[in-house]
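**Student:** Dumping the structure here so I can ask a few things about it.
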Amino acid sequence: MDSANKQTAVITEATVGTTPATPAFLLTRDIRVSGAPQRPNTRSPERRPDRQAASMVQGVATYPKQIEMPWVRDAASDVLWASLFCSPWVSNVLKVGSVRSGTTFTLEEKYEGGATDPYRRLTGCMVDNVSIAFQNGNPGQITFSLLALGETTATTAIASSTYAAPTPAYDPSTPADIVVNSLFGLASPKVRSLQLQISNNLQQQYAFGSADPFAIGLGEFNVQGVVEVYFNALADYSAFVVKQTGQTFDITIGATMNFKDRLVLGNCDVFNPNVDDPGQTGVHAVTLNFLGKYYATDASAMKLTRNVP
């Protein structure tokens, strides 16, 4: 089966772990979907006089997936973002919460098989962590890592299901489409790259009677990253030799009016700076490490706003 014809879609679940009866699936703009269910079986630990295996033992199952895509925000990625924040969109704004109901989703993968198309569906999906990377000259890249409660397969679509094309369908954003509104108090910083890691630290929960998890628990929410800026003044480095607190990270991403995204971390600790040395040919850059902490004004360590002018 040709991978070019593969189709990936998501749908929010009203009940955790249950795909809606007539799902209005949203197609994703993914690059690839990787990760495989793990249903381990190991050799029985019993001792035998012939030294050979006679039995196996079933372990607990896990259902990890990674959805890799360029930086786009549409109806499907909105579902993924809400799951990461564990909170629904409110007036086009996401803030960190601890809500499962209405933020879990079903992931469906359809493979083009000609007369009969195979389907794989993961239910009760939650976003465990997200990796964001922007490098000048390339589209932004974002990877959503998921955990699910279980998997089913089929050879037909769910009855009465529909599939909506990505909306809006604007070009992916590159660093050229990013406005740096505020970066840790630096004066006119020239950013070269950004890496951001966001995690829910999810834990799968198991009980007697099934190898599948019955629930997924929330851990600590953590957001941290590394930003690289051109080294233009000593203060770009020296200001952060001693950890700085209460700093603002605020960027607007996108080139289309009223469809941009604004990502704000209003209370960052910035620490452990470094100046690189590219050798005889190159330009020095400063790397700054930062951690996003709870920001009382937003009641959230991180805030994402969509449809920004």
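Numbering starts fresh at 1 for the residues of each chain in the structure tokens, the chains themselves are lettered A, B, ... in the order given, and ligands are numbered from 1 as they appear.
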List the spatial neighbours of Leu304 of chain A as a PDB file with all heavy atoms, in the first residue's frame - criterion: any atom at most 12 Å away, only C-alpha atoms, same-chain residues fewer than 2 positions off excluded.

**Tutor:**
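Output saved as result23.pdb:
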```
ATOM      1  N   ARG A  73      -2.138  25.542  11.754  1.00  0.00           N
ATOM      2  CA  ARG A  73      -3.200  25.430  12.743  1.00  0.00           C
ATOM      3  C   ARG A  73      -4.516  25.456  12.001  1.00  0.00           C
ATOM      4  O   ARG A  73      -4.831  26.387  11.265  1.00  0.00           O
ATOM      5  CB  ARG A  73      -3.153  26.553  13.783  1.00  0.00           C
ATOM      6  CG  ARG A  73      -4.018  26.222  15.008  1.00  0.00           C
ATOM      7  CD  ARG A  73      -4.469  27.442  15.763  1.00  0.00           C
ATOM      8  NE  ARG A  73      -4.946  28.477  14.881  1.00  0.00           N
ATOM      9  CZ  ARG A  73      -6.134  28.436  14.271  1.00  0.00           C
ATOM     10  NH1 ARG A  73      -6.945  27.414  14.451  1.00  0.00           N
ATOM     11  NH2 ARG A  73      -6.494  29.425  13.487  1.00  0.00           N
ATOM     12  N   ASP A  78      -6.378  22.047  16.090  1.00  0.00           N
ATOM     13  CA  ASP A  78      -7.054  22.625  17.253  1.00  0.00           C
ATOM     14  C   ASP A  78      -7.439  21.544  18.262  1.00  0.00           C
ATOM     15  O   ASP A  78      -7.391  21.756  19.477  1.00  0.00           O
ATOM     16  CB  ASP A  78      -8.307  23.388  16.826  1.00  0.00           C
ATOM     17  CG  ASP A  78      -8.004  24.771  16.262  1.00  0.00           C
ATOM     18  OD1 ASP A  78      -6.846  25.214  16.355  1.00  0.00           O
ATOM     19  OD2 ASP A  78      -8.937  25.398  15.734  1.00  0.00           O
ATOM     20  N   TRP A  81      -4.184  20.576  20.061  1.00  0.00           N
ATOM     21  CA  TRP A  81      -3.776  21.612  21.015  1.00  0.00           C
ATOM     22  C   TRP A  81      -4.640  21.566  22.279  1.00  0.00           C
ATOM     23  O   TRP A  81      -4.123  21.683  23.397  1.00  0.00           O
ATOM     24  CB  TRP A  81      -3.882  22.988  20.372  1.00  0.00           C
ATOM     25  CG  TRP A  81      -2.728  23.376  19.498  1.00  0.00           C
ATOM     26  CD1 TRP A  81      -2.743  23.579  18.146  1.00  0.00           C
ATOM     27  CD2 TRP A  81      -1.376  23.624  19.920  1.00  0.00           C
ATOM     28  NE1 TRP A  81      -1.483  23.928  17.705  1.00  0.00           N
ATOM     29  CE2 TRP A  81      -0.633  23.971  18.771  1.00  0.00           C
ATOM     30  CE3 TRP A  81      -0.735  23.586  21.156  1.00  0.00           C
ATOM     31  CZ2 TRP A  81       0.730  24.281  18.821  1.00  0.00           C
ATOM     32  CZ3 TRP A  81       0.625  23.889  21.215  1.00  0.00           C
ATOM     33  CH2 TRP A  81       1.341  24.233  20.062  1.00  0.00           C
ATOM     34  N   ALA A  82      -5.946  21.405  22.111  1.00  0.00           N
ATOM     35  CA  ALA A  82      -6.826  21.358  23.279  1.00  0.00           C
ATOM     36  C   ALA A  82      -6.484  20.172  24.174  1.00  0.00           C
ATOM     37  O   ALA A  82      -6.544  20.265  25.403  1.00  0.00           O
ATOM     38  CB  ALA A  82      -8.291  21.280  22.832  1.00  0.00           C
ATOM     39  N   LEU A  84      -3.448  18.834  24.432  1.00  0.00           N
ATOM     40  CA  LEU A  84      -2.198  19.166  25.121  1.00  0.00           C
ATOM     41  C   LEU A  84      -2.460  20.036  26.339  1.00  0.00           C
ATOM     42  O   LEU A  84      -1.922  19.797  27.421  1.00  0.00           O
ATOM     43  CB  LEU A  84      -1.252  19.901  24.166  1.00  0.00           C
ATOM     44  CG  LEU A  84      -0.004  20.503  24.825  1.00  0.00           C
ATOM     45  CD1 LEU A  84       0.934  19.411  25.309  1.00  0.00           C
ATOM     46  CD2 LEU A  84       0.701  21.463  23.888  1.00  0.00           C
ATOM     47  N   PHE A  85      -3.300  21.056  26.181  1.00  0.00           N
ATOM     48  CA  PHE A  85      -3.587  21.974  27.279  1.00  0.00           C
ATOM     49  C   PHE A  85      -4.546  21.373  28.298  1.00  0.00           C
ATOM     50  O   PHE A  85      -4.748  21.937  29.372  1.00  0.00           O
ATOM     51  CB  PHE A  85      -4.183  23.269  26.732  1.00  0.00           C
ATOM     52  CG  PHE A  85      -3.179  24.266  26.225  1.00  0.00           C
ATOM     53  CD1 PHE A  85      -2.578  24.108  24.986  1.00  0.00           C
ATOM     54  CD2 PHE A  85      -2.828  25.375  26.982  1.00  0.00           C
ATOM     55  CE1 PHE A  85      -1.654  25.025  24.501  1.00  0.00           C
ATOM     56  CE2 PHE A  85      -1.909  26.300  26.523  1.00  0.00           C
ATOM     57  CZ  PHE A  85      -1.317  26.126  25.277  1.00  0.00           C
ATOM     58  N   SER A  87      -7.687  21.384  28.135  1.00  0.00           N
ATOM     59  CA  SER A  87      -8.641  22.465  28.335  1.00  0.00           C
ATOM     60  C   SER A  87      -9.279  22.812  26.995  1.00  0.00           C
ATOM     61  O   SER A  87      -8.601  22.786  25.965  1.00  0.00           O
ATOM     62  CB  SER A  87      -7.931  23.700  28.897  1.00  0.00           C
ATOM     63  OG  SER A  87      -8.829  24.770  29.104  1.00  0.00           O
ATOM     64  N   PRO A  88     -10.562  23.141  26.963  1.00  0.00           N
ATOM     65  CA  PRO A  88     -11.198  23.533  25.699  1.00  0.00           C
ATOM     66  C   PRO A  88     -10.833  24.959  25.317  1.00  0.00           C
ATOM     67  O   PRO A  88     -10.443  25.773  26.155  1.00  0.00           O
ATOM     68  CB  PRO A  88     -12.695  23.409  26.019  1.00  0.00           C
ATOM     69  CG  PRO A  88     -12.766  23.688  27.484  1.00  0.00           C
ATOM     70  CD  PRO A  88     -11.522  23.101  28.084  1.00  0.00           C
ATOM     71  N   TRP A  89     -10.986  25.256  24.026  1.00  0.00           N
ATOM     72  CA  TRP A  89     -10.815  26.631  23.564  1.00  0.00           C
ATOM     73  C   TRP A  89     -11.919  27.503  24.159  1.00  0.00           C
ATOM     74  O   TRP A  89     -13.091  27.140  24.152  1.00  0.00           O
ATOM     75  CB  TRP A  89     -10.894  26.706  22.045  1.00  0.00           C
ATOM     76  CG  TRP A  89      -9.737  26.081  21.328  1.00  0.00           C
ATOM     77  CD1 TRP A  89      -9.628  24.784  20.910  1.00  0.00           C
ATOM     78  CD2 TRP A  89      -8.527  26.734  20.920  1.00  0.00           C
ATOM     79  NE1 TRP A  89      -8.429  24.587  20.266  1.00  0.00           N
ATOM     80  CE2 TRP A  89      -7.729  25.767  20.248  1.00  0.00           C
ATOM     81  CE3 TRP A  89      -8.047  28.038  21.041  1.00  0.00           C
ATOM     82  CZ2 TRP A  89      -6.475  26.077  19.728  1.00  0.00           C
ATOM     83  CZ3 TRP A  89      -6.794  28.336  20.523  1.00  0.00           C
ATOM     84  CH2 TRP A  89      -6.032  27.382  19.883  1.00  0.00           C
ATOM     85  N   VAL A  90     -11.546  28.662  24.672  1.00  0.00           N
ATOM     86  CA  VAL A  90     -12.507  29.625  25.202  1.00  0.00           C
ATOM     87  C   VAL A  90     -12.216  30.971  24.552  1.00  0.00           C
ATOM     88  O   VAL A  90     -11.154  31.563  24.779  1.00  0.00           O
ATOM     89  CB  VAL A  90     -12.415  29.749  26.733  1.00  0.00           C
ATOM     90  CG1 VAL A  90     -13.393  30.813  27.232  1.00  0.00           C
ATOM     91  CG2 VAL A  90     -12.687  28.414  27.403  1.00  0.00           C
ATOM     92  N   SER A  91     -13.143  31.430  23.706  1.00  0.00           N
ATOM     93  CA  SER A  91     -12.958  32.698  22.983  1.00  0.00           C
ATOM     94  C   SER A  91     -11.607  32.724  22.268  1.00  0.00           C
ATOM     95  O   SER A  91     -10.854  33.703  22.341  1.00  0.00           O
ATOM     96  CB  SER A  91     -13.089  33.895  23.937  1.00  0.00           C
ATOM     97  OG  SER A  91     -14.364  33.925  24.537  1.00  0.00           O
ATOM     98  N   ASN A  92     -11.303  31.607  21.579  1.00  0.00           N
ATOM     99  CA  ASN A  92     -10.077  31.471  20.781  1.00  0.00           C
ATOM    100  C   ASN A  92      -8.798  31.445  21.615  1.00  0.00           C
ATOM    101  O   ASN A  92      -7.707  31.692  21.096  1.00  0.00           O
ATOM    102  CB  ASN A  92      -9.971  32.583  19.731  1.00  0.00           C
ATOM    103  CG  ASN A  92     -10.955  32.394  18.597  1.00  0.00           C
ATOM    104  OD1 ASN A  92     -11.266  31.268  18.208  1.00  0.00           O
ATOM    105  ND2 ASN A  92     -11.460  33.488  18.057  1.00  0.00           N
ATOM    106  N   VAL A  93      -8.920  31.149  22.895  1.00  0.00           N
ATOM    107  CA  VAL A  93      -7.752  31.113  23.785  1.00  0.00           C
ATOM    108  C   VAL A  93      -7.685  29.762  24.487  1.00  0.00           C
ATOM    109  O   VAL A  93      -8.702  29.226  24.926  1.00  0.00           O
ATOM    110  CB  VAL A  93      -7.807  32.249  24.828  1.00  0.00           C
ATOM    111  CG1 VAL A  93      -6.649  32.134  25.820  1.00  0.00           C
ATOM    112  CG2 VAL A  93      -7.788  33.615  24.142  1.00  0.00           C
ATOM    113  N   LEU A  94      -6.476  29.228  24.580  1.00  0.00           N
ATOM    114  CA  LEU A  94      -6.213  28.022  25.367  1.00  0.00           C
ATOM    115  C   LEU A  94      -5.318  28.367  26.544  1.00  0.00           C
ATOM    116  O   LEU A  94      -4.311  29.064  26.394  1.00  0.00           O
ATOM    117  CB  LEU A  94      -5.517  26.961  24.521  1.00  0.00           C
ATOM    118  CG  LEU A  94      -6.357  26.067  23.618  1.00  0.00           C
ATOM    119  CD1 LEU A  94      -5.450  25.114  22.848  1.00  0.00           C
ATOM    120  CD2 LEU A  94      -7.391  25.289  24.407  1.00  0.00           C
ATOM    121  N   LYS A  95      -5.706  27.865  27.720  1.00  0.00           N
ATOM    122  CA  LYS A  95      -4.873  27.963  28.907  1.00  0.00           C
ATOM    123  C   LYS A  95      -4.759  26.573  29.529  1.00  0.00           C
ATOM    124  O   LYS A  95      -5.601  25.707  29.292  1.00  0.00           O
ATOM    125  CB  LYS A  95      -5.464  28.949  29.916  1.00  0.00           C
ATOM    126  CG  LYS A  95      -5.525  30.380  29.409  1.00  0.00           C
ATOM    127  CD  LYS A  95      -6.085  31.321  30.474  1.00  0.00           C
ATOM    128  CE  LYS A  95      -6.161  32.750  29.966  1.00  0.00           C
ATOM    129  NZ  LYS A  95      -6.691  33.673  31.002  1.00  0.00           N
ATOM    130  N   VAL A  96      -3.741  26.365  30.331  1.00  0.00           N
ATOM    131  CA  VAL A  96      -3.476  25.056  30.915  1.00  0.00           C
ATOM    132  C   VAL A  96      -4.584  24.689  31.897  1.00  0.00           C
ATOM    133  O   VAL A  96      -4.966  25.480  32.766  1.00  0.00           O
ATOM    134  CB  VAL A  96      -2.117  25.039  31.633  1.00  0.00           C
ATOM    135  CG1 VAL A  96      -1.850  23.653  32.227  1.00  0.00           C
ATOM    136  CG2 VAL A  96      -0.999  25.427  30.673  1.00  0.00           C
ATOM    137  N   PHE A 249       8.100  35.630  27.265  1.00  0.00           N
ATOM    138  CA  PHE A 249       8.305  35.074  25.926  1.00  0.00           C
ATOM    139  C   PHE A 249       6.987  35.258  25.185  1.00  0.00           C
ATOM    140  O   PHE A 249       5.956  34.726  25.600  1.00  0.00           O
ATOM    141  CB  PHE A 249       8.681  33.599  26.025  1.00  0.00           C
ATOM    142  CG  PHE A 249       8.754  32.877  24.702  1.00  0.00           C
ATOM    143  CD1 PHE A 249       9.963  32.761  24.027  1.00  0.00           C
ATOM    144  CD2 PHE A 249       7.624  32.307  24.125  1.00  0.00           C
ATOM    145  CE1 PHE A 249      10.032  32.095  22.808  1.00  0.00           C
ATOM    146  CE2 PHE A 249       7.686  31.642  22.909  1.00  0.00           C
ATOM    147  CZ  PHE A 249       8.900  31.545  22.248  1.00  0.00           C
ATOM    148  N   ASP A 250       6.999  36.004  24.080  1.00  0.00           N
ATOM    149  CA  ASP A 250       5.753  36.368  23.404  1.00  0.00           C
ATOM    150  C   ASP A 250       6.033  36.464  21.903  1.00  0.00           C
ATOM    151  O   ASP A 250       6.760  37.353  21.462  1.00  0.00           O
ATOM    152  CB  ASP A 250       5.256  37.707  23.958  1.00  0.00           C
ATOM    153  CG  ASP A 250       3.929  38.166  23.342  1.00  0.00           C
ATOM    154  OD1 ASP A 250       3.506  37.575  22.330  1.00  0.00           O
ATOM    155  OD2 ASP A 250       3.342  39.121  23.874  1.00  0.00           O
ATOM    156  N   ILE A 251       5.473  35.538  21.133  1.00  0.00           N
ATOM    157  CA  ILE A 251       5.667  35.564  19.684  1.00  0.00           C
ATOM    158  C   ILE A 251       4.326  35.396  18.979  1.00  0.00           C
ATOM    159  O   ILE A 251       3.415  34.767  19.505  1.00  0.00           O
ATOM    160  CB  ILE A 251       6.652  34.473  19.200  1.00  0.00           C
ATOM    161  CG1 ILE A 251       6.122  33.069  19.528  1.00  0.00           C
ATOM    162  CG2 ILE A 251       8.037  34.687  19.784  1.00  0.00           C
ATOM    163  CD1 ILE A 251       6.970  31.936  18.957  1.00  0.00           C
ATOM    164  N   THR A 252       4.227  35.970  17.780  1.00  0.00           N
ATOM    165  CA  THR A 252       3.068  35.794  16.914  1.00  0.00           C
ATOM    166  C   THR A 252       3.513  35.054  15.666  1.00  0.00           C
ATOM    167  O   THR A 252       4.491  35.452  15.025  1.00  0.00           O
ATOM    168  CB  THR A 252       2.437  37.152  16.538  1.00  0.00           C
ATOM    169  OG1 THR A 252       2.042  37.837  17.737  1.00  0.00           O
ATOM    170  CG2 THR A 252       1.213  36.946  15.654  1.00  0.00           C
ATOM    171  N   ILE A 253       2.802  33.982  15.323  1.00  0.00           N
ATOM    172  CA  ILE A 253       3.198  33.097  14.231  1.00  0.00           C
ATOM    173  C   ILE A 253       2.140  33.121  13.144  1.00  0.00           C
ATOM    174  O   ILE A 253       0.958  32.905  13.419  1.00  0.00           O
ATOM    175  CB  ILE A 253       3.395  31.651  14.734  1.00  0.00           C
ATOM    176  CG1 ILE A 253       4.360  31.617  15.928  1.00  0.00           C
ATOM    177  CG2 ILE A 253       3.882  30.743  13.617  1.00  0.00           C
ATOM    178  CD1 ILE A 253       4.366  30.296  16.671  1.00  0.00           C
ATOM    179  N   LYS A 260      -3.511  34.185  12.487  1.00  0.00           N
ATOM    180  CA  LYS A 260      -2.208  33.984  13.114  1.00  0.00           C
ATOM    181  C   LYS A 260      -2.391  33.369  14.504  1.00  0.00           C
ATOM    182  O   LYS A 260      -3.487  33.360  15.058  1.00  0.00           O
ATOM    183  CB  LYS A 260      -1.461  35.318  13.207  1.00  0.00           C
ATOM    184  CG  LYS A 260      -1.214  35.981  11.866  1.00  0.00           C
ATOM    185  CD  LYS A 260      -0.554  37.343  12.036  1.00  0.00           C
ATOM    186  CE  LYS A 260      -0.375  38.047  10.694  1.00  0.00           C
ATOM    187  NZ  LYS A 260       0.265  39.379  10.841  1.00  0.00           N
ATOM    188  N   ASP A 261      -1.300  32.874  15.059  1.00  0.00           N
ATOM    189  CA  ASP A 261      -1.304  32.303  16.404  1.00  0.00           C
ATOM    190  C   ASP A 261      -0.343  33.094  17.285  1.00  0.00           C
ATOM    191  O   ASP A 261       0.742  33.486  16.835  1.00  0.00           O
ATOM    192  CB  ASP A 261      -0.865  30.839  16.380  1.00  0.00           C
ATOM    193  CG  ASP A 261      -1.749  29.987  15.497  1.00  0.00           C
ATOM    194  OD1 ASP A 261      -2.957  29.932  15.759  1.00  0.00           O
ATOM    195  OD2 ASP A 261      -1.228  29.397  14.536  1.00  0.00           O
ATOM    196  N   ARG A 262      -0.734  33.299  18.514  1.00  0.00           N
ATOM    197  CA  ARG A 262       0.130  34.007  19.458  1.00  0.00           C
ATOM    198  C   ARG A 262       0.413  33.108  20.650  1.00  0.00           C
ATOM    199  O   ARG A 262      -0.518  32.627  21.317  1.00  0.00           O
ATOM    200  CB  ARG A 262      -0.508  35.310  19.922  1.00  0.00           C
ATOM    201  CG  ARG A 262       0.422  36.170  20.775  1.00  0.00           C
ATOM    202  CD  ARG A 262      -0.170  37.536  21.049  1.00  0.00           C
ATOM    203  NE  ARG A 262       0.753  38.380  21.809  1.00  0.00           N
ATOM    204  CZ  ARG A 262       0.489  39.634  22.191  1.00  0.00           C
ATOM    205  NH1 ARG A 262      -0.677  40.175  21.854  1.00  0.00           N
ATOM    206  NH2 ARG A 262       1.377  40.331  22.887  1.00  0.00           N
ATOM    207  N   LEU A 263       1.683  32.869  20.904  1.00  0.00           N
ATOM    208  CA  LEU A 263       2.121  31.993  21.989  1.00  0.00           C
ATOM    209  C   LEU A 263       2.826  32.840  23.040  1.00  0.00           C
ATOM    210  O   LEU A 263       3.807  33.527  22.732  1.00  0.00           O
ATOM    211  CB  LEU A 263       3.061  30.925  21.441  1.00  0.00           C
ATOM    212  CG  LEU A 263       3.512  29.814  22.387  1.00  0.00           C
ATOM    213  CD1 LEU A 263       2.319  29.011  22.901  1.00  0.00           C
ATOM    214  CD2 LEU A 263       4.500  28.897  21.693  1.00  0.00           C
ATOM    215  N   VAL A 264       2.311  32.784  24.275  1.00  0.00           N
ATOM    216  CA  VAL A 264       2.836  33.632  25.344  1.00  0.00           C
ATOM    217  C   VAL A 264       3.161  32.789  26.579  1.00  0.00           C
ATOM    218  O   VAL A 264       2.331  31.998  27.035  1.00  0.00           O
ATOM    219  CB  VAL A 264       1.831  34.733  25.729  1.00  0.00           C
ATOM    220  CG1 VAL A 264       2.375  35.579  26.881  1.00  0.00           C
ATOM    221  CG2 VAL A 264       1.506  35.610  24.528  1.00  0.00           C
ATOM    222  N   LEU A 265       4.366  32.978  27.091  1.00  0.00           N
ATOM    223  CA  LEU A 265       4.761  32.474  28.400  1.00  0.00           C
ATOM    224  C   LEU A 265       5.108  33.716  29.218  1.00  0.00           C
ATOM    225  O   LEU A 265       6.142  34.356  28.988  1.00  0.00           O
ATOM    226  CB  LEU A 265       5.966  31.542  28.311  1.00  0.00           C
ATOM    227  CG  LEU A 265       5.741  30.109  27.797  1.00  0.00           C
ATOM    228  CD1 LEU A 265       5.408  30.109  26.310  1.00  0.00           C
ATOM    229  CD2 LEU A 265       7.008  29.275  28.027  1.00  0.00           C
ATOM    230  N   GLY A 266       4.245  34.072  30.140  1.00  0.00           N
ATOM    231  CA  GLY A 266       4.374  35.358  30.811  1.00  0.00           C
ATOM    232  C   GLY A 266       5.299  35.390  32.001  1.00  0.00           C
ATOM    233  O   GLY A 266       5.566  36.469  32.544  1.00  0.00           O
ATOM    234  N   ASP A 298      -2.447  35.397  33.723  1.00  0.00           N
ATOM    235  CA  ASP A 298      -3.164  34.517  32.794  1.00  0.00           C
ATOM    236  C   ASP A 298      -3.724  33.282  33.486  1.00  0.00           C
ATOM    237  O   ASP A 298      -4.469  32.519  32.856  1.00  0.00           O
ATOM    238  CB  ASP A 298      -2.240  34.064  31.659  1.00  0.00           C
ATOM    239  CG  ASP A 298      -1.894  35.187  30.702  1.00  0.00           C
ATOM    240  OD1 ASP A 298      -2.668  36.160  30.630  1.00  0.00           O
ATOM    241  OD2 ASP A 298      -0.841  35.103  30.037  1.00  0.00           O
ATOM    242  N   SER A 300      -2.081  30.723  34.045  1.00  0.00           N
ATOM    243  CA  SER A 300      -1.579  29.664  33.181  1.00  0.00           C
ATOM    244  C   SER A 300      -0.111  29.924  32.877  1.00  0.00           C
ATOM    245  O   SER A 300       0.292  31.074  32.662  1.00  0.00           O
ATOM    246  CB  SER A 300      -2.383  29.626  31.877  1.00  0.00           C
ATOM    247  OG  SER A 300      -1.944  28.582  31.032  1.00  0.00           O
ATOM    248  N   ALA A 301       0.677  28.858  32.835  1.00  0.00           N
ATOM    249  CA  ALA A 301       2.086  29.011  32.478  1.00  0.00           C
ATOM    250  C   ALA A 301       2.257  29.365  31.014  1.00  0.00           C
ATOM    251  O   ALA A 301       3.244  30.013  30.627  1.00  0.00           O
ATOM    252  CB  ALA A 301       2.849  27.721  32.793  1.00  0.00           C
ATOM    253  N   MET A 302       1.306  28.945  30.190  1.00  0.00           N
ATOM    254  CA  MET A 302       1.388  29.174  28.755  1.00  0.00           C
ATOM    255  C   MET A 302       0.001  29.504  28.236  1.00  0.00           C
ATOM    256  O   MET A 302      -0.998  28.963  28.716  1.00  0.00           O
ATOM    257  CB  MET A 302       1.959  27.923  28.056  1.00  0.00           C
ATOM    258  CG  MET A 302       2.114  28.049  26.564  1.00  0.00           C
ATOM    259  SD  MET A 302       2.974  26.615  25.845  1.00  0.00           S
ATOM    260  CE  MET A 302       1.761  25.327  26.116  1.00  0.00           C
ATOM    261  N   ARG A 306      -5.610  31.866  19.037  1.00  0.00           N
ATOM    262  CA  ARG A 306      -5.738  31.634  17.602  1.00  0.00           C
ATOM    263  C   ARG A 306      -6.504  32.799  16.948  1.00  0.00           C
ATOM    264  O   ARG A 306      -7.098  33.636  17.629  1.00  0.00           O
ATOM    265  CB  ARG A 306      -6.462  30.324  17.333  1.00  0.00           C
ATOM    266  CG  ARG A 306      -7.918  30.303  17.799  1.00  0.00           C
ATOM    267  CD  ARG A 306      -8.545  28.931  17.613  1.00  0.00           C
ATOM    268  NE  ARG A 306      -9.929  28.918  18.102  1.00  0.00           N
ATOM    269  CZ  ARG A 306     -10.687  27.834  18.173  1.00  0.00           C
ATOM    270  NH1 ARG A 306     -10.211  26.658  17.770  1.00  0.00           N
ATOM    271  NH2 ARG A 306     -11.930  27.901  18.644  1.00  0.00           N
ATOM    272  N   ASN A 307      -6.460  32.819  15.609  1.00  0.00           N
ATOM    273  CA  ASN A 307      -7.179  33.814  14.812  1.00  0.00           C
ATOM    274  C   ASN A 307      -6.792  35.240  15.195  1.00  0.00           C
ATOM    275  O   ASN A 307      -7.637  36.141  15.288  1.00  0.00           O
ATOM    276  CB  ASN A 307      -8.689  33.627  14.933  1.00  0.00           C
ATOM    277  CG  ASN A 307      -9.147  32.266  14.439  1.00  0.00           C
ATOM    278  OD1 ASN A 307      -8.463  31.621  13.646  1.00  0.00           O
ATOM    279  ND2 ASN A 307     -10.295  31.809  14.901  1.00  0.00           N
ATOM    280  N   VAL A 308      -5.488  35.443  15.378  1.00  0.00           N
ATOM    281  CA  VAL A 308      -4.973  36.758  15.749  1.00  0.00           C
ATOM    282  C   VAL A 308      -4.828  37.625  14.491  1.00  0.00           C
ATOM    283  O   VAL A 308      -4.392  37.136  13.450  1.00  0.00           O
ATOM    284  CB  VAL A 308      -3.609  36.600  16.446  1.00  0.00           C
ATOM    285  CG1 VAL A 308      -2.973  37.954  16.727  1.00  0.00           C
ATOM    286  CG2 VAL A 308      -3.778  35.818  17.749  1.00  0.00           C
TER     287      VAL A 308
END
```

**Student:** How close does each residue of segment 53-172 of chain A get to segment 222-232 of chain A, giving the shortest atom pair and distance in Å to one decimal for every residue with an atom at most 10 Å away, counting only C-alpha atoms, sorted by chain and residue number, as JSON lines?

**Tutor:**
```
{"residue": "A:Asn129", "atom": "CA", "partner": "A:Asn222", "partner_atom": "CA", "distance": 9.2}
{"residue": "A:Val130", "atom": "CA", "partner": "A:Val223", "partner_atom": "CA", "distance": 9.4}
{"residue": "A:Ser131", "atom": "CA", "partner": "A:Gly225", "partner_atom": "CA", "distance": 9.5}
{"residue": "A:Ile132", "atom": "CA", "partner": "A:Gly225", "partner_atom": "CA", "distance": 9.1}
{"residue": "A:Ala133", "atom": "CA", "partner": "A:Gly225", "partner_atom": "CA", "distance": 9.7}
{"residue": "A:Phe134", "atom": "CA", "partner": "A:Val227", "partner_atom": "CA", "distance": 9.6}
{"residue": "A:Gln135", "atom": "CA", "partner": "A:Glu228", "partner_atom": "CA", "distance": 9.7}
```

**Student:** Can you write just those residues out, N, CA and C atoms, as a JSON list (two decimals), in the first residue's frame?

**Tutor:**
```
[["chain", "number", "residue", "atom", "x", "y", "z"],
["A", 129, "ASN", "N", 3.10, 14.91, 25.05],
["A", 129, "ASN", "CA", 4.04, 16.02, 24.93],
["A", 129, "ASN", "C", 4.10, 16.51, 23.50],
["A", 130, "VAL", "N", 4.63, 17.70, 23.35],
["A", 130, "VAL", "CA", 4.77, 18.36, 22.06],
["A", 130, "VAL", "C", 6.18, 18.91, 21.93],
["A", 131, "SER", "N", 6.74, 18.70, 20.74],
["A", 131, "SER", "CA", 8.05, 19.26, 20.41],
["A", 131, "SER", "C", 7.86, 20.24, 19.27],
["A", 132, "ILE", "N", 8.34, 21.48, 19.46],
["A", 132, "ILE", "CA", 8.24, 22.54, 18.46],
["A", 132, "ILE", "C", 9.63, 22.99, 18.08],
["A", 133, "ALA", "N", 9.87, 23.13, 16.79],
["A", 133, "ALA", "CA", 11.19, 23.58, 16.32],
["A", 133, "ALA", "C", 11.02, 24.55, 15.16],
["A", 134, "PHE", "N", 11.70, 25.69, 15.27],
["A", 134, "PHE", "CA", 11.77, 26.67, 14.19],
["A", 134, "PHE", "C", 13.23, 26.95, 13.88],
["A", 135, "GLN", "N", 13.59, 26.82, 12.62],
["A", 135, "GLN", "CA", 14.94, 27.08, 12.15],
["A", 135, "GLN", "C", 14.83, 27.92, 10.89]]
```

**Student:** One decimal, Å: what's the distance from atom CA of Thr162 of chain A over to atom CA of Thr256 of chain A, could you say?

**Tutor:** 27.8 Å

**Student:** To one decimal place, how far is atom CA of Arg192 of chain A from atom CA of Gln244 of chain A in Å?

**Tutor:**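 The value is 21.2 Å.
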
**Student:** Within segment 56-271 of chain A, find each residue whose DSSP state, derived from the backbone, is strand (DSSP E), and express the selection as a ChimeraX atom specification.

**Tutor:** /A:56-58,64-70,93-95,105-110,119-135,141-147,150-154,162-164,178-183,191-199,203-205,215-217,222-230,244-253,260-271

**Student:** Restricting the calculation to only C-alpha atoms, which member of A:Asn201, A:Asn267, A:Ser173, A:Gln66 is positioned closest to Thr297 of chain A?

**Tutor:**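 Smallest distance to Thr297 of chain A is found for A:Asn267.
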
**Student:** Hey, what's within 10 Å of segment 235-238 of chain A if we count only C-alpha atoms and toss same-chain stuff fewer than 5 positions away? As a list in words, please?

**Tutor:**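 With the cut-off at 10 Å, the set is Phe184, Gly185, Leu186, Ala187, Pro189, Val229, Tyr230, Phe271, Asn272, Pro273, Asn274, Val275, Ala285, Val286, Thr287 and Leu288 of chain A.
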